[in-house]
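Engineer: For reference, the file coords10.tsv (TSV, C-alpha atoms) is included below:
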```
chain	number	residue	atom	x	y	z
A	97	MET	CA	233.98	-107.19	214.85
A	98	ILE	CA	231.10	-109.68	214.65
A	99	SER	CA	230.40	-111.42	211.36
A	100	LEU	CA	227.19	-113.34	210.71
A	101	GLY	CA	227.62	-116.13	208.16
A	102	ILE	CA	224.89	-117.93	206.23
A	103	ASP	CA	225.28	-120.95	203.97
A	104	THR	CA	222.40	-122.84	202.31
A	105	SER	CA	223.97	-125.67	200.36
A	106	ASN	CA	222.18	-128.55	198.67
A	107	TYR	CA	222.64	-130.68	201.80
A	108	THR	CA	222.75	-128.44	204.88
A	109	THR	CA	221.28	-125.24	206.33
A	110	SER	CA	223.99	-123.37	208.27
A	111	ILE	CA	224.32	-120.13	210.23
A	112	ALA	CA	227.31	-118.92	212.24
A	113	LEU	CA	228.79	-116.06	214.22
A	114	TYR	CA	232.50	-115.24	214.16
A	115	ASN	CA	234.29	-112.75	216.39
A	116	GLY	CA	237.03	-111.17	214.33
A	117	GLU	CA	238.86	-109.92	217.42
A	118	THR	CA	238.95	-113.08	219.54
A	119	GLY	CA	238.65	-115.72	216.80
A	120	ALA	CA	235.75	-117.38	218.64
A	121	TYR	CA	232.90	-118.84	216.62
A	122	SER	CA	229.57	-120.53	217.23
A	123	HIS	CA	227.24	-122.08	214.72
A	124	ARG	CA	224.14	-124.12	214.10
A	125	ARG	CA	223.47	-126.39	211.14
A	126	ARG	CA	220.92	-128.97	210.14
A	127	LEU	CA	220.90	-131.49	207.32
A	128	LEU	CA	218.15	-131.29	204.75
A	129	GLY	CA	215.99	-134.38	205.12
A	130	VAL	CA	216.37	-136.98	202.38
A	131	LYS	CA	213.96	-139.90	201.98
A	132	ASP	CA	215.23	-143.41	202.64
A	133	GLY	CA	216.77	-144.97	199.56
A	134	GLU	CA	217.52	-141.62	197.91
A	135	THR	CA	220.93	-139.97	197.52
A	136	GLY	CA	220.07	-136.30	197.19
A	137	LEU	CA	217.42	-133.62	196.73
A	138	ARG	CA	215.84	-131.68	193.92
A	139	GLN	CA	216.71	-127.99	194.07
A	140	SER	CA	213.07	-127.00	194.62
A	141	ASP	CA	212.92	-129.26	197.68
A	142	ALA	CA	216.20	-127.88	199.00
A	143	VAL	CA	214.98	-124.28	198.68
A	144	PHE	CA	211.77	-125.12	200.56
A	145	LYS	CA	213.61	-126.92	203.36
A	146	HIS	CA	216.05	-124.01	203.80
A	147	THR	CA	213.12	-121.62	204.04
A	148	VAL	CA	211.77	-123.66	206.95
A	149	GLN	CA	215.05	-124.42	208.71
A	150	LEU	CA	217.00	-121.16	208.48
A	151	PRO	CA	214.71	-119.14	210.81
A	152	GLU	CA	214.71	-122.01	213.31
A	153	LEU	CA	218.51	-122.17	213.39
A	154	ALA	CA	218.81	-118.38	213.60
A	155	LYS	CA	216.59	-118.41	216.67
A	156	LEU	CA	218.69	-121.10	218.33
A	157	LEU	CA	221.92	-119.20	217.62
A	158	CYS	CA	220.48	-115.92	218.89
A	159	GLU	CA	219.40	-117.56	222.15
A	160	GLU	CA	223.06	-118.35	222.88
A	161	THR	CA	224.47	-114.86	222.56
A	162	GLU	CA	223.63	-111.19	222.39
A	163	TYR	CA	225.12	-109.66	219.30
A	164	SER	CA	224.79	-107.00	216.68
A	165	PRO	CA	226.60	-108.02	213.48
A	166	ASP	CA	229.00	-105.62	211.82
A	167	VAL	CA	228.84	-107.54	208.56
A	168	ILE	CA	226.80	-110.34	207.05
A	169	ALA	CA	228.56	-112.86	204.80
A	170	VAL	CA	226.64	-115.32	202.67
A	171	SER	CA	227.39	-118.13	200.23
A	172	VAL	CA	225.71	-117.29	196.92
A	173	SER	CA	227.22	-119.87	194.54
A	174	PRO	CA	228.98	-123.24	194.58
A	175	ARG	CA	232.27	-121.88	193.20
A	176	ASP	CA	233.84	-118.52	192.38
A	177	ALA	CA	233.30	-118.98	188.62
A	178	LYS	CA	230.98	-116.49	186.91
A	179	ASP	CA	228.58	-119.18	185.69
A	180	SER	CA	228.44	-121.02	189.03
A	181	TYR	CA	224.85	-121.13	190.26
A	182	MET	CA	222.46	-123.27	192.29
A	183	PRO	CA	218.98	-122.12	193.36
A	184	CYS	CA	219.44	-123.35	196.94
A	185	PHE	CA	221.92	-120.56	197.67
A	186	MET	CA	219.27	-117.96	196.91
A	187	SER	CA	217.56	-118.93	200.18
A	188	GLY	CA	220.55	-117.73	202.15
A	189	LYS	CA	221.09	-114.69	199.94
A	190	CYS	CA	217.52	-113.54	200.54
A	191	ALA	CA	217.84	-113.94	204.31
A	192	ALA	CA	221.22	-112.17	204.35
A	193	GLU	CA	219.98	-109.16	202.38
A	194	CYS	CA	216.94	-108.81	204.64
A	195	ALA	CA	219.12	-108.96	207.75
A	196	GLY	CA	221.61	-106.53	206.22
A	197	ALA	CA	218.86	-104.01	205.53
A	198	PHE	CA	217.50	-104.38	209.06
A	199	PHE	CA	220.86	-103.97	210.83
A	200	GLY	CA	222.23	-101.43	208.33
A	201	VAL	CA	225.42	-103.41	207.72
A	202	PRO	CA	227.16	-104.57	204.52
A	203	VAL	CA	226.27	-107.93	202.97
A	204	LEU	CA	229.24	-109.65	201.34
A	205	PRO	CA	228.81	-112.55	198.89
A	206	PHE	CA	231.18	-115.52	198.74
A	207	SER	CA	231.21	-118.96	197.21
A	208	HIS	CA	230.42	-122.14	199.11
A	209	GLN	CA	233.86	-123.45	198.11
A	210	ALA	CA	235.63	-120.42	199.55
A	211	GLY	CA	233.73	-120.93	202.79
A	212	HIS	CA	234.87	-124.55	203.01
A	213	ILE	CA	238.52	-123.56	202.58
A	214	ALA	CA	238.22	-120.79	205.18
A	215	ALA	CA	236.52	-123.17	207.62
A	216	ALA	CA	239.43	-125.60	207.33
A	217	LEU	CA	241.94	-122.83	208.03
A	218	VAL	CA	240.16	-121.24	211.00
A	219	SER	CA	239.36	-124.54	212.70
A	220	ALA	CA	242.96	-125.74	212.24
A	221	GLY	CA	244.38	-122.45	213.52
A	222	ARG	CA	246.01	-121.70	210.16
A	223	LEU	CA	244.57	-118.38	209.05
A	224	ASP	CA	248.19	-117.40	208.38
A	225	LEU	CA	247.96	-119.36	205.11
A	226	PHE	CA	245.78	-116.59	203.70
A	227	GLU	CA	249.01	-114.59	203.40
A	228	LYS	CA	250.66	-117.07	201.03
A	229	ASP	CA	249.94	-119.43	198.14
A	230	PHE	CA	248.67	-122.93	198.85
A	231	ILE	CA	246.92	-125.89	197.21
A	232	ALA	CA	243.40	-126.60	198.44
A	233	PHE	CA	241.15	-129.57	197.80
A	234	HIS	CA	237.38	-129.34	198.12
A	235	VAL	CA	236.01	-132.89	198.10
A	236	SER	CA	232.29	-133.37	198.61
A	237	GLY	CA	229.08	-134.57	196.99
A	238	GLY	CA	229.17	-131.77	194.44
A	239	THR	CA	232.90	-131.26	193.90
A	240	THR	CA	236.21	-133.07	193.69
A	241	ASP	CA	238.23	-129.94	193.03
A	242	ALA	CA	241.85	-128.96	193.46
A	243	VAL	CA	242.60	-125.23	193.34
A	244	ILE	CA	245.51	-122.88	193.82
A	245	VAL	CA	244.72	-120.22	196.41
A	246	THR	CA	246.60	-116.91	196.33
A	247	PRO	CA	246.18	-113.80	198.52
A	248	ASP	CA	243.76	-111.19	197.21
A	249	SER	CA	243.51	-107.64	198.56
A	250	LYS	CA	239.72	-107.44	198.17
A	251	ARG	CA	238.40	-111.00	198.28
A	252	ILE	CA	240.90	-112.39	200.83
A	253	MET	CA	241.78	-115.18	198.43
A	254	LYS	CA	241.81	-115.81	194.71
A	255	ILE	CA	240.81	-119.34	193.75
A	256	THR	CA	242.19	-120.79	190.53
A	257	PRO	CA	240.92	-124.27	189.52
A	258	VAL	CA	243.68	-126.66	188.48
A	259	ALA	CA	242.10	-130.15	188.61
A	260	SER	CA	238.81	-131.90	189.22
A	261	SER	CA	236.89	-135.12	188.68
A	262	LEU	CA	236.19	-136.01	185.07
A	263	ASP	CA	232.91	-137.69	185.96
A	264	LEU	CA	231.55	-138.79	189.34
A	265	HIS	CA	232.40	-136.75	192.44
A	266	ALA	CA	233.87	-138.45	195.49
A	267	GLY	CA	230.88	-137.67	197.72
A	268	GLN	CA	228.50	-139.02	195.10
A	269	ALA	CA	230.48	-142.26	195.01
A	270	VAL	CA	230.35	-142.55	198.81
A	271	ASP	CA	226.60	-141.97	198.93
A	272	ARG	CA	225.83	-144.33	196.04
A	273	VAL	CA	227.92	-147.11	197.52
A	274	GLY	CA	226.34	-146.42	200.89
A	275	ASN	CA	222.92	-146.72	199.29
A	276	MET	CA	223.88	-150.13	197.88
A	277	LEU	CA	224.73	-151.20	201.43
A	278	GLY	CA	221.52	-149.86	202.96
A	279	ILE	CA	223.18	-146.86	204.61
A	280	SER	CA	221.10	-143.71	204.98
A	281	PHE	CA	222.11	-140.48	203.23
A	282	PRO	CA	224.63	-138.96	203.80
A	283	ALA	CA	226.64	-142.16	204.03
A	284	GLY	CA	230.13	-140.85	204.80
A	285	ARG	CA	230.35	-141.39	208.54
A	286	GLU	CA	228.84	-144.89	208.54
A	287	LEU	CA	230.83	-145.98	205.49
A	288	ASP	CA	234.00	-144.77	207.23
A	289	ALA	CA	233.25	-146.85	210.34
A	290	LEU	CA	232.27	-149.86	208.25
A	291	SER	CA	235.47	-149.75	206.19
A	292	ARG	CA	237.58	-149.85	209.33
A	293	ARG	CA	236.21	-153.32	210.08
A	294	SER	CA	237.74	-154.70	206.89
A	295	GLU	CA	241.12	-156.42	206.90
A	296	LYS	CA	241.36	-156.41	203.11
A	297	LYS	CA	244.05	-154.40	201.33
A	298	TYR	CA	243.26	-153.29	197.80
A	299	ARG	CA	245.68	-152.05	195.18
A	300	VAL	CA	243.94	-149.75	192.72
A	301	ARG	CA	245.22	-147.36	190.08
A	302	PRO	CA	242.52	-144.83	189.18
A	303	PHE	CA	242.68	-143.06	185.84
A	304	VAL	CA	244.20	-139.58	186.19
A	305	LYS	CA	244.89	-137.20	183.31
A	306	ASP	CA	246.42	-133.75	183.77
A	307	ASN	CA	245.88	-134.22	187.51
A	308	SER	CA	242.12	-134.71	187.08
A	309	CYS	CA	240.67	-138.07	188.05
A	310	SER	CA	237.93	-140.47	187.01
A	311	LEU	CA	235.83	-141.99	189.81
A	312	SER	CA	233.02	-143.67	187.90
A	313	GLY	CA	234.75	-147.04	188.26
A	314	ILE	CA	233.99	-147.06	191.99
A	315	GLU	CA	230.25	-147.43	191.54
A	316	ASN	CA	230.55	-150.16	188.91
A	317	LYS	CA	233.08	-152.21	190.87
A	318	CYS	CA	231.21	-151.91	194.16
A	319	ARG	CA	227.95	-152.96	192.54
A	320	SER	CA	229.63	-156.07	191.15
A	321	MET	CA	231.01	-156.77	194.63
A	322	VAL	CA	227.52	-156.47	196.11
A	323	ASN	CA	226.10	-158.83	193.47
A	324	ALA	CA	228.90	-161.31	194.24
A	325	GLY	CA	227.92	-161.30	197.91
A	326	GLU	CA	231.14	-159.78	199.22
A	327	ALA	CA	231.19	-158.46	202.79
A	328	PRO	CA	229.83	-154.90	203.26
A	329	GLU	CA	232.94	-153.83	205.15
A	330	ASP	CA	235.15	-154.94	202.24
A	331	ILE	CA	232.99	-153.06	199.75
A	332	ALA	CA	233.22	-149.94	201.92
A	333	LYS	CA	237.01	-150.38	202.17
A	334	TYR	CA	237.35	-150.64	198.40
A	335	CYS	CA	235.36	-147.42	197.91
A	336	ILE	CA	237.50	-145.46	200.36
A	337	THR	CA	240.74	-146.96	199.01
A	338	TYR	CA	239.83	-145.96	195.46
A	339	ILE	CA	239.01	-142.37	196.45
A	340	GLU	CA	242.20	-142.08	198.48
A	341	ALA	CA	244.31	-143.42	195.62
A	342	ALA	CA	242.76	-140.93	193.19
A	343	LEU	CA	243.33	-137.98	195.52
A	344	GLU	CA	246.87	-139.14	196.18
A	345	ARG	CA	247.72	-139.26	192.47
A	346	MET	CA	246.18	-135.81	192.00
A	347	THR	CA	248.14	-134.43	194.95
A	348	ASP	CA	251.46	-135.90	193.85
A	349	GLY	CA	250.98	-134.49	190.36
A	350	LEU	CA	250.16	-131.03	191.64
A	351	LEU	CA	253.10	-131.00	194.04
A	352	LYS	CA	255.41	-131.75	191.09
A	353	GLU	CA	254.06	-128.67	189.34
A	354	HIS	CA	253.91	-126.51	192.50
A	355	PRO	CA	256.64	-127.85	194.81
A	356	GLY	CA	256.66	-126.72	198.40
A	357	LEU	CA	253.13	-125.34	198.55
A	358	PRO	CA	251.12	-126.19	201.70
A	359	LEU	CA	248.16	-128.55	201.27
A	360	VAL	CA	244.67	-127.93	202.65
A	361	PHE	CA	241.86	-130.49	202.43
A	362	SER	CA	238.23	-129.47	202.93
A	363	GLY	CA	234.75	-130.78	202.18
A	364	GLY	CA	232.63	-133.53	203.68
A	365	VAL	CA	234.58	-136.44	202.19
A	366	MET	CA	237.69	-135.19	203.96
A	367	SER	CA	236.08	-136.12	207.27
A	368	ASN	CA	237.10	-139.69	206.43
A	369	SER	CA	239.42	-140.94	209.17
A	370	ILE	CA	241.55	-143.21	206.96
A	371	ILE	CA	242.33	-140.54	204.38
A	372	ARG	CA	243.01	-137.91	207.04
A	373	GLU	CA	245.46	-140.14	208.89
A	374	ASP	CA	247.32	-141.19	205.76
A	375	PHE	CA	247.52	-137.73	204.20
A	376	ALA	CA	248.50	-136.01	207.45
A	377	ALA	CA	251.38	-138.48	207.76
A	378	LYS	CA	252.50	-138.31	204.12
A	379	TYR	CA	251.96	-134.63	203.32
A	380	GLY	CA	251.61	-132.82	206.65
A	381	ALA	CA	248.33	-131.57	205.21
A	382	VAL	CA	245.92	-129.20	206.95
A	383	PHE	CA	242.41	-130.56	207.63
A	384	ALA	CA	239.32	-128.94	209.10
A	385	ARG	CA	238.68	-129.65	212.78
A	386	ASP	CA	235.61	-129.44	215.01
A	387	GLY	CA	233.54	-131.25	212.40
A	388	LEU	CA	233.96	-128.37	209.95
A	389	SER	CA	234.87	-130.56	206.97
A	390	ALA	CA	231.11	-130.89	206.48
A	391	ASP	CA	229.01	-128.00	205.15
A	392	ASN	CA	228.97	-125.04	207.53
A	393	ALA	CA	228.69	-121.25	207.64
A	394	VAL	CA	231.72	-120.66	209.87
A	395	GLY	CA	234.15	-120.21	207.00
A	396	THR	CA	231.80	-117.77	205.29
A	397	ALA	CA	231.55	-115.74	208.51
A	398	VAL	CA	235.36	-115.68	208.76
A	399	LEU	CA	235.67	-114.33	205.21
A	400	GLY	CA	233.18	-111.59	206.04
A	401	ALA	CA	235.18	-110.46	209.08
A	402	LEU	CA	238.52	-110.54	207.26
A	403	SER	CA	237.07	-108.60	204.32
A	404	VAL	CA	235.82	-105.79	206.56
A	405	LYS	CA	239.26	-105.48	208.15
A	406	LYS	CA	240.74	-104.88	204.68
A	407	LEU	CA	238.22	-102.18	203.74
```
Do you think you could lay out the structure here as structure tokens?
Structural biologist:
Amino acid sequence: MISLGIDTSNYTTSIALYNGETGAYSHRRRLLGVKDGETGLRQSDAVFKHTVQLPELAKLLCEETEYSPDVIAVSVSPRDAKDSYMPCFMSGKCAAECAGAFFGVPVLPFSHQAGHIAAALVSAGRLDLFEKDFIAFHVSGGTTDAVIVTPDSKRIMKITPVASSLDLHAGQAVDRVGNMLGISFPAGRELDALSRRSEKKYRVRPFVKDNSCSLSGIENKCRSMVNAGEAPEDIAKYCITYIEAALERMTDGLLKEHPGLPLVFSGGVMSNSIIREDFAAKYGAVFARDGLSADNAVGTAVLGALSVKKL
């Protein structure tokens, strides 16, 4: 059972192969180029860049292995909600439907968020969680979401939103603060390394209501720190500390309402080494491995293979 996965998010072009029998996967991905000093892309630019990059990545992946896919899985929306839509995902949908017609195999649509959660589980060796309820976080430039995941006979998992950011998303905060410090987009990795050079310890109490958080204060505070001439590593540390504190308050609140449920953290922001270390120690949480916190098509490919097995 070979599943071909395609994901064309607003930041990354991704394509992957997953072997449903052995659990092996391979993938190729490439960031969408962003001009210096900018913190994102217009949708029209993202669609164009995917159109250029997806065939190039497909060729590279095909050179590594001989395969004939049994199913093609593709991300077609940011979330599972009916009104969830972004034009950039149409690039992948078009490519998937063309490939499906050529190979004569089914094309299965999934959300980008579902793919992130699946990528965390497969890379951590925890596909068993698909058989039970768990709490999942998807923390990135476009989302700061907490959801309850339950088994679903047709879609593998049912995703029910339970909390989110009330304003700025965590990844947006990271990239905007990184931009203030002269860090190229995406800023996560460099901001992480920079923050580890700081010896400062900050005590923050982000606003959280009904387990949803407000993160807009990060940008304002960090800008005032920049204007005051504070050290870049301390500014980076404050940003990460604030995000961690917000996620921690959200997590604690959700665990009070859903005691005993496993915790899964996915999305690019959850690559952060400080948050991963602290949350793994406190909660025993599951995190993506092999760099699969960032956007990728591996999780989408996994969902395609698991769905076919249920048919």
Engineer: Would you kindly return, as a tab-separated table (two decimals) with C-alpha atoms, in the frame of the given file, each protein, DNA or RNA residue with an atom no farther than 10 Å from any atom of Tyr298 of chain A, considering all atoms listed in the file and excluding same-chain residues fewer than 2 positions away?
Structural biologist:
```
chain	number	residue	atom	x	y	z
A	295	GLU	CA	241.12	-156.42	206.90
A	296	LYS	CA	241.36	-156.41	203.11
A	300	VAL	CA	243.94	-149.75	192.72
A	301	ARG	CA	245.22	-147.36	190.08
A	330	ASP	CA	235.15	-154.94	202.24
A	333	LYS	CA	237.01	-150.38	202.17
A	334	TYR	CA	237.35	-150.64	198.40
A	335	CYS	CA	235.36	-147.42	197.91
A	337	THR	CA	240.74	-146.96	199.01
A	338	TYR	CA	239.83	-145.96	195.46
```
Engineer: Would you list the contacts of Ala283 of chain A as a PyMOL selection string, taking every protein, DNA or RNA residue within 9 Å and counting all atoms listed in the file, but skipping same-chain residues closer than 2 positions in sequence?
Structural biologist: chain A and resi 135+267+270-275+279-281+285-288
Engineer: Can you work out which one of A:Leu217, A:Leu156, A:Ala169, A:Val398 has the shortest atom-to-atom distance to Ala120 of chain A, counting only C-alpha atoms?
Structural biologist: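 Among the listed residues, the smallest separation from Ala120 of chain A belongs to A:Val398.
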Engineer: Tell me, in Å to one decimal, how far atom CA of Ile331 of chain A is from atom CA of Phe303 of chain A.
Structural biologist: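 For atom CA of Ile331 of chain A relative to atom CA of Phe303 of chain A, the distance reads 19.7 Å.
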Engineer: Report the distance between atom CA of Leu225 of chain A and atom CA of Asp241 of chain A in Å, rounded to one decimal place.
Structural biologist: 18.8 Å
Engineer: Find the distance between atom CA of Gly211 of chain A and atom CA of Val394 of chain A and write it in Å to one decimal.
Structural biologist: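 Pair atom CA of Gly211 of chain A / atom CA of Val394 of chain A returns 7.4 Å.
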Engineer: Tell me, as a PyMOL selection string, which residues lie within 8 Å of segment 252-263 of chain A, counting all atoms listed in the file; anything in the same chain fewer than 3 positions away does not count.
Structural biologist: chain A and resi 176+210+226+239-249+306-312+346+399+402-403
Engineer: Using all atoms listed in the file for the distances, tell me which of A:Val148, A:Ile213, A:Val170, A:Leu343 is nearest to Cys194 of chain A.
Structural biologist: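 That would be A:Val170, the residue with the smallest distance to Cys194 of chain A.
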